Amino acid sequence: MNNPSVLICQGPYSFFLRDIGLLLEKEGRGVQALTFHPGDAYLMKGLSQLNWRSLMKQYGESGKAPVLETYYSARVEKIEKRALTQKEKEFFKAYFLAVRDYLQKNNIRMLLLHNDTRWQHAYAIEAARQLNIPYFVFELGLFRPNTITMDPRGVNARNSVPREPSFYAQFQTERVVHADQISSSISLKKRNAVIARFLLHYRLGKFLGLNAPENKVMRLKDYFRRFWKAYVKKDKRKEPGTWPERFLFVPFQVVNDSQTLLYSPYREMKTMADDIIKAVKTINKTTHEKERLAVVFKEHPMDRGAVSYDDLRVQYSEDPEVIILSNGDLNELIEQSLGVVTLNSTVGLDAVKQGKRVLCIGEAFYAIDGIALRGSVSSLEEDIRKLCVFEPDKHLVTRFLHYLKDEYSMEGNEYQYDIVQLKTIVNRIREAIKETL
């Protein structure tokens, strides 16, 4: 392959980034995919590929390498409760130097990848930054089911969404993104078949020792527990017939998700729940009976069967001010609540869309003055008091959501997309490359 101009790292579990690469090749651009296991190779079939081991053998140089906080390092520290070994540190240094050397020697003009917290991507992004090479980070869109996030800086807490309220006060755009309905010939059956084949290739690579170090370690027994809980032994606990008069809704987040590990002061949802309950009870001691608060927590469906909250249920089983749900309608819970307390969940953004009060304890890009409150563990009681009287700026919220949907988002779905949507994304990539020439 001569002088590639685009490097593609890992994408979602679909042919999304591969298909973008094929369109770029039709324009005469060189495109290469960097793969880290046979699952990646399957999703990038049709493109020139470079295996991670070949990368580290063929490229590399002496020099300094940064030590970055990635999903891998956060998992090691917060879940495995240990420090990175010297061998791991040397591996990440060698990978960074190899990627940087590759980018330089192959005249790369654009880096494309999905999610910026994987070690493969965090170090590739840092190498691109040092060389002034633009990149786009893709993720599932903020408006489901038909938007895609395509950010030149990062996603979630690291994204490029302006944080200044004044920006939205006067924001206008004629662009319209249709987010409510998927427009694609890719059926749900075909999408699931691609994911299944990807997993088979990935498992084969793991068995043969071909895979790079894993970011998220998922055990088969966790999948089995979730399947058993969701489809076989369903939770038969019923929701309360009525909700408390005044309650805060607190959605639990996936305990091993990057948003929890990297952008949250809490490792365990139980610890967060205990702190919020303690703050609420302190507030209730000095509050008139009719103004007292209750708290409704809801498990995240992805943790069902893998994480147990039974101890928490037993602890507060006789407490009328605390409800812990396994199931429940999110929209109803948001609508009926006095406000939502979250780390940085998309549920918080859903609440903003409904015009509700929102308090973010973790790092959340939508915690902007007038839109949602920023809180902390150390001031939780005071933050909840502020939440109870907070009134979002309706004009600001409307403009903010208008920007997110119609300016920031790309139309489509990473698993079900059409050629028009892909061409729009390719046009944006082309323009970004031109700006660097």
# chains A, B, ... in the order shown; residues from 1 in each chain; ligands from 1
call {"tool": "residues_around", "arguments": {"residues": "range 318-327 of chain A", "least_positions_apart": "5", "cutoff": "6 Å", "atoms": "only C-alpha atoms", "output": "MDAnalysis selection string"}}
result
chainID A and resid 294:299
call {"tool": "residues_around", "arguments": {"residues": "Ile195 in chain A", "least_positions_apart": "4", "cutoff": "12 Å", "atoms": "only C-alpha atoms", "output": "number ranges by chain"}}
result
A: 12-15, 39-40, 42-43, 188-191, 199-202, 415
call {"tool": "write_last_selection", "arguments": {"atoms": "N, CA and C atoms", "output": "short mmCIF file (atom, residue, chain, number, x, y, z; two decimals), in the first residue's frame"}}
result
data_model
loop_
_atom_site.label_atom_id
_atom_site.label_comp_id
_atom_site.auth_asym_id
_atom_site.auth_seq_id
_atom_site.Cartn_x
_atom_site.Cartn_y
_atom_site.Cartn_z
N PRO A 12 -17.32 0.12 15.97
CA PRO A 12 -18.37 -0.61 16.68
C PRO A 12 -18.45 -2.04 16.13
N TYR A 13 -19.32 -2.86 16.68
CA TYR A 13 -19.45 -4.23 16.21
C TYR A 13 -20.32 -4.27 14.95
N SER A 14 -19.82 -3.63 13.92
CA SER A 14 -20.53 -3.55 12.64
C SER A 14 -19.50 -3.22 11.57
N PHE A 15 -19.96 -3.13 10.31
CA PHE A 15 -19.06 -2.77 9.21
C PHE A 15 -19.02 -1.26 8.98
N GLY A 39 -11.57 -10.66 15.36
CA GLY A 39 -12.86 -9.98 15.25
C GLY A 39 -12.74 -8.67 14.51
N ASP A 40 -11.70 -7.90 14.81
CA ASP A 40 -11.43 -6.66 14.07
C ASP A 40 -11.19 -6.96 12.59
N TYR A 42 -12.28 -9.36 10.81
CA TYR A 42 -13.56 -9.68 10.17
C TYR A 42 -14.34 -8.41 9.84
N LEU A 43 -14.41 -7.47 10.77
CA LEU A 43 -15.18 -6.26 10.55
C LEU A 43 -14.52 -5.31 9.54
N LEU A 188 -32.51 -5.87 11.46
CA LEU A 188 -32.09 -6.21 12.80
C LEU A 188 -31.45 -7.60 12.81
N LYS A 189 -31.99 -8.50 12.01
CA LYS A 189 -31.45 -9.86 11.90
C LYS A 189 -30.03 -9.83 11.35
N LYS A 190 -29.80 -9.03 10.31
CA LYS A 190 -28.46 -8.93 9.72
C LYS A 190 -27.49 -8.30 10.70
N ARG A 191 -27.94 -7.27 11.41
CA ARG A 191 -27.09 -6.61 12.39
C ARG A 191 -26.64 -7.61 13.45
N LEU A 199 -18.16 -11.96 17.39
CA LEU A 199 -17.85 -12.59 18.67
C LEU A 199 -17.17 -13.95 18.48
N LEU A 200 -17.60 -14.70 17.46
CA LEU A 200 -16.97 -15.99 17.17
C LEU A 200 -15.50 -15.80 16.78
N HIS A 201 -15.25 -14.82 15.91
CA HIS A 201 -13.87 -14.53 15.50
C HIS A 201 -13.03 -14.08 16.71
N TYR A 202 -13.64 -13.24 17.53
CA TYR A 202 -12.93 -12.75 18.71
C TYR A 202 -12.57 -13.88 19.66
N TYR A 415 -24.99 0.83 13.52
CA TYR A 415 -25.30 -0.56 13.17
C TYR A 415 -26.27 -0.67 12.00
#
call {"tool": "select_by_dssp", "arguments": {"residues": "range 91-198 of chain A", "states": "alpha helix (DSSP H)", "output": "ChimeraX atom specification"}}
result
/A:91-105,119-130,165-169,188-198
call {"tool": "write_last_selection", "arguments": {"atoms": "N, CA and C atoms", "output": "short mmCIF file (atom, residue, chain, number, x, y, z; two decimals), in the first residue's frame"}}
result
data_model
loop_
_atom_site.label_atom_id
_atom_site.label_comp_id
_atom_site.auth_asym_id
_atom_site.auth_seq_id
_atom_site.Cartn_x
_atom_site.Cartn_y
_atom_site.Cartn_z
N PHE A 91 4.84 -2.09 27.60
CA PHE A 91 4.04 -2.44 26.43
C PHE A 91 3.35 -1.19 25.87
N PHE A 92 2.71 -0.42 26.72
CA PHE A 92 2.00 0.77 26.25
C PHE A 92 2.96 1.81 25.69
N LYS A 93 4.16 1.91 26.27
CA LYS A 93 5.17 2.82 25.73
C LYS A 93 5.58 2.38 24.33
N ALA A 94 5.83 1.07 24.17
CA ALA A 94 6.23 0.54 22.86
C ALA A 94 5.12 0.74 21.83
N TYR A 95 3.88 0.54 22.25
CA TYR A 95 2.76 0.73 21.32
C TYR A 95 2.65 2.18 20.89
N PHE A 96 2.75 3.10 21.83
CA PHE A 96 2.67 4.53 21.50
C PHE A 96 3.75 4.92 20.50
N LEU A 97 4.99 4.50 20.76
CA LEU A 97 6.10 4.86 19.87
C LEU A 97 5.93 4.23 18.50
N ALA A 98 5.37 3.01 18.46
CA ALA A 98 5.13 2.35 17.17
C ALA A 98 4.05 3.07 16.37
N VAL A 99 2.97 3.46 17.03
CA VAL A 99 1.88 4.17 16.34
C VAL A 99 2.37 5.51 15.83
N ARG A 100 3.10 6.22 16.65
CA ARG A 100 3.60 7.54 16.22
C ARG A 100 4.54 7.40 15.03
N ASP A 101 5.41 6.41 15.07
CA ASP A 101 6.34 6.17 13.96
C ASP A 101 5.57 5.81 12.69
N TYR A 102 4.54 4.98 12.84
CA TYR A 102 3.71 4.58 11.69
C TYR A 102 3.02 5.80 11.07
N LEU A 103 2.43 6.64 11.91
CA LEU A 103 1.73 7.82 11.41
C LEU A 103 2.66 8.72 10.61
N GLN A 104 3.88 8.88 11.11
CA GLN A 104 4.85 9.74 10.44
C GLN A 104 5.31 9.15 9.11
N LYS A 105 5.67 7.89 9.11
CA LYS A 105 6.28 7.27 7.93
C LYS A 105 5.28 6.98 6.82
N TRP A 119 -7.22 1.60 25.36
CA TRP A 119 -5.80 1.95 25.33
C TRP A 119 -5.30 2.11 23.91
N GLN A 120 -5.80 1.27 22.98
CA GLN A 120 -5.37 1.37 21.59
C GLN A 120 -5.65 2.77 21.04
N HIS A 121 -6.80 3.31 21.41
CA HIS A 121 -7.24 4.58 20.84
C HIS A 121 -6.68 5.78 21.59
N ALA A 122 -6.60 5.68 22.91
CA ALA A 122 -6.07 6.80 23.69
C ALA A 122 -4.63 7.13 23.29
N TYR A 123 -3.80 6.09 23.11
CA TYR A 123 -2.40 6.32 22.73
C TYR A 123 -2.27 6.73 21.26
N ALA A 124 -3.15 6.20 20.41
CA ALA A 124 -3.13 6.61 19.00
C ALA A 124 -3.54 8.07 18.86
N ILE A 125 -4.53 8.47 19.64
CA ILE A 125 -4.98 9.87 19.61
C ILE A 125 -3.87 10.79 20.09
N GLU A 126 -3.19 10.40 21.16
CA GLU A 126 -2.10 11.24 21.67
C GLU A 126 -0.98 11.36 20.64
N ALA A 127 -0.67 10.28 19.94
CA ALA A 127 0.35 10.33 18.89
C ALA A 127 -0.10 11.27 17.77
N ALA A 128 -1.37 11.19 17.40
CA ALA A 128 -1.90 12.07 16.35
C ALA A 128 -1.84 13.53 16.79
N ARG A 129 -2.17 13.79 18.04
CA ARG A 129 -2.11 15.17 18.55
C ARG A 129 -0.70 15.73 18.45
N GLN A 130 0.28 14.91 18.85
CA GLN A 130 1.66 15.38 18.82
C GLN A 130 2.13 15.69 17.40
N PRO A 165 -22.64 28.90 28.41
CA PRO A 165 -24.07 29.16 28.17
C PRO A 165 -24.31 30.22 27.11
N SER A 166 -23.42 31.20 27.02
CA SER A 166 -23.59 32.29 26.06
C SER A 166 -23.58 31.79 24.62
N PHE A 167 -22.88 30.68 24.36
CA PHE A 167 -22.85 30.12 23.01
C PHE A 167 -24.24 29.72 22.55
N TYR A 168 -25.01 29.12 23.44
CA TYR A 168 -26.33 28.61 23.07
C TYR A 168 -27.39 29.69 23.05
N ALA A 169 -27.16 30.76 23.80
CA ALA A 169 -28.17 31.83 23.87
C ALA A 169 -28.49 32.39 22.49
N LEU A 188 -32.51 -5.87 11.46
CA LEU A 188 -32.09 -6.21 12.80
C LEU A 188 -31.45 -7.60 12.81
N LYS A 189 -31.99 -8.50 12.01
CA LYS A 189 -31.45 -9.86 11.90
C LYS A 189 -30.03 -9.83 11.35
N LYS A 190 -29.80 -9.03 10.31
CA LYS A 190 -28.46 -8.93 9.72
C LYS A 190 -27.49 -8.30 10.70
N ARG A 191 -27.94 -7.27 11.41
CA ARG A 191 -27.09 -6.61 12.39
C ARG A 191 -26.64 -7.61 13.45
N ASN A 192 -27.58 -8.39 13.97
CA ASN A 192 -27.26 -9.37 15.01
C ASN A 192 -26.35 -10.48 14.48
N ALA A 193 -26.52 -10.84 13.20
CA ALA A 193 -25.66 -11.87 12.61
C ALA A 193 -24.22 -11.39 12.52
N VAL A 194 -24.02 -10.11 12.19
CA VAL A 194 -22.67 -9.55 12.13
C VAL A 194 -22.03 -9.57 13.52
N ILE A 195 -22.79 -9.18 14.53
CA ILE A 195 -22.27 -9.17 15.90
C ILE A 195 -21.89 -10.59 16.33
N ALA A 196 -22.75 -11.56 15.99
CA ALA A 196 -22.47 -12.95 16.37
C ALA A 196 -21.19 -13.46 15.71
N ARG A 197 -21.01 -13.16 14.43
CA ARG A 197 -19.80 -13.59 13.72
C ARG A 197 -18.56 -12.90 14.31
N PHE A 198 -18.72 -11.63 14.63
CA PHE A 198 -17.61 -10.91 15.26
C PHE A 198 -17.19 -11.61 16.55
#
call {"tool": "closest_atom_pairs", "arguments": {"of": "range 118-183 of chain A", "to": "range 417-424 of chain A", "cutoff": "9 Å", "atoms": "only C-alpha atoms", "output": "JSON lines"}}
result
{"residue": "A:Asn146", "atom": "CA", "partner": "A:Tyr417", "partner_atom": "CA", "distance": 8.5}
{"residue": "A:Ile182", "atom": "CA", "partner": "A:Tyr417", "partner_atom": "CA", "distance": 7.4}
{"residue": "A:Ser183", "atom": "CA", "partner": "A:Tyr417", "partner_atom": "CA", "distance": 6.4}
call {"tool": "closest_residue", "arguments": {"among": "A:Arg313, A:Arg374, A:Lys353, A:His300", "to": "Gly328 in chain A", "atoms": "only C-alpha atoms"}}
result
A:His300
call {"tool": "residues_around", "arguments": {"residues": "Lys405 in chain A", "least_positions_apart": "2", "cutoff": "8 Å", "atoms": "only C-alpha atoms", "output": "VMD selection string"}}
result
chain A and resid 142 to 143 147 176 to 177 179 401 to 403 407 to 409
call {"tool": "select_by_dssp", "arguments": {"residues": "range 55-135 of chain A", "states": "strand (DSSP E or B)", "output": "number ranges by chain"}}
result
A: 110-114, 135
call {"tool": "write_last_selection", "arguments": {"atoms": "C-alpha atoms", "output": "compact mmCIF listing (two decimals), in the first residue's frame"}}
result
# COMPACT_ATOMS: atom_id res chain seq x y z
CA MET A 110 -6.71 11.29 9.33
CA LEU A 111 -7.36 8.87 12.19
CA LEU A 112 -10.82 7.27 12.60
CA LEU A 113 -11.88 5.24 15.63
CA HIS A 114 -14.78 4.32 17.89
CA TYR A 135 -8.99 12.52 14.08
call {"tool": "residues_around", "arguments": {"residues": "His37 in chain A", "least_positions_apart": "2", "cutoff": "8 Å", "atoms": "only C-alpha atoms", "output": "list in words"}}
result
Thr35, Gly39, Asp40, Ala41, Asn51, Tyr202, Gly205, Lys206, Leu210, Asn211 and Ala212 of chain A
call {"tool": "atom_distance", "arguments": {"atom1": "CA of Cys360 in chain A", "atom2": "CA of Leu248 in chain A"}}
result
12.8 Å
call {"tool": "closest_residue", "arguments": {"among": "A:Ile368, A:Pro251, A:Arg118, A:Thr70", "to": "Leu330 in chain A", "atoms": "only C-alpha atoms"}}
result
A:Pro251
call {"tool": "residues_around", "arguments": {"residues": "Val341 in chain A", "least_positions_apart": "6", "cutoff": "6 Å", "atoms": "only C-alpha atoms", "output": "ChimeraX atom specification"}}
result
/A:250,358-359
call {"tool": "write_last_selection", "arguments": {"atoms": "N, CA and C atoms", "output": "CSV table (one decimal), in the first residue's frame"}}
result
chain,number,residue,atom,x,y,z
A,250,VAL,N,-32.7,8.3,40.8
A,250,VAL,CA,-31.3,8.1,40.7
A,250,VAL,C,-31.1,6.8,39.8
A,358,VAL,N,-31.7,18.5,36.9
A,358,VAL,CA,-30.7,17.5,36.9
A,358,VAL,C,-29.5,17.9,37.7
A,359,LEU,N,-29.0,16.9,38.5
A,359,LEU,CA,-27.7,17.2,39.2
A,359,LEU,C,-26.8,16.1,38.8
call {"tool": "closest_residue", "arguments": {"among": "A:Thr342, A:Gln336, A:Ser73, A:Ser308", "to": "Leu261 in chain A", "atoms": "only C-alpha atoms"}}
result
A:Ser73
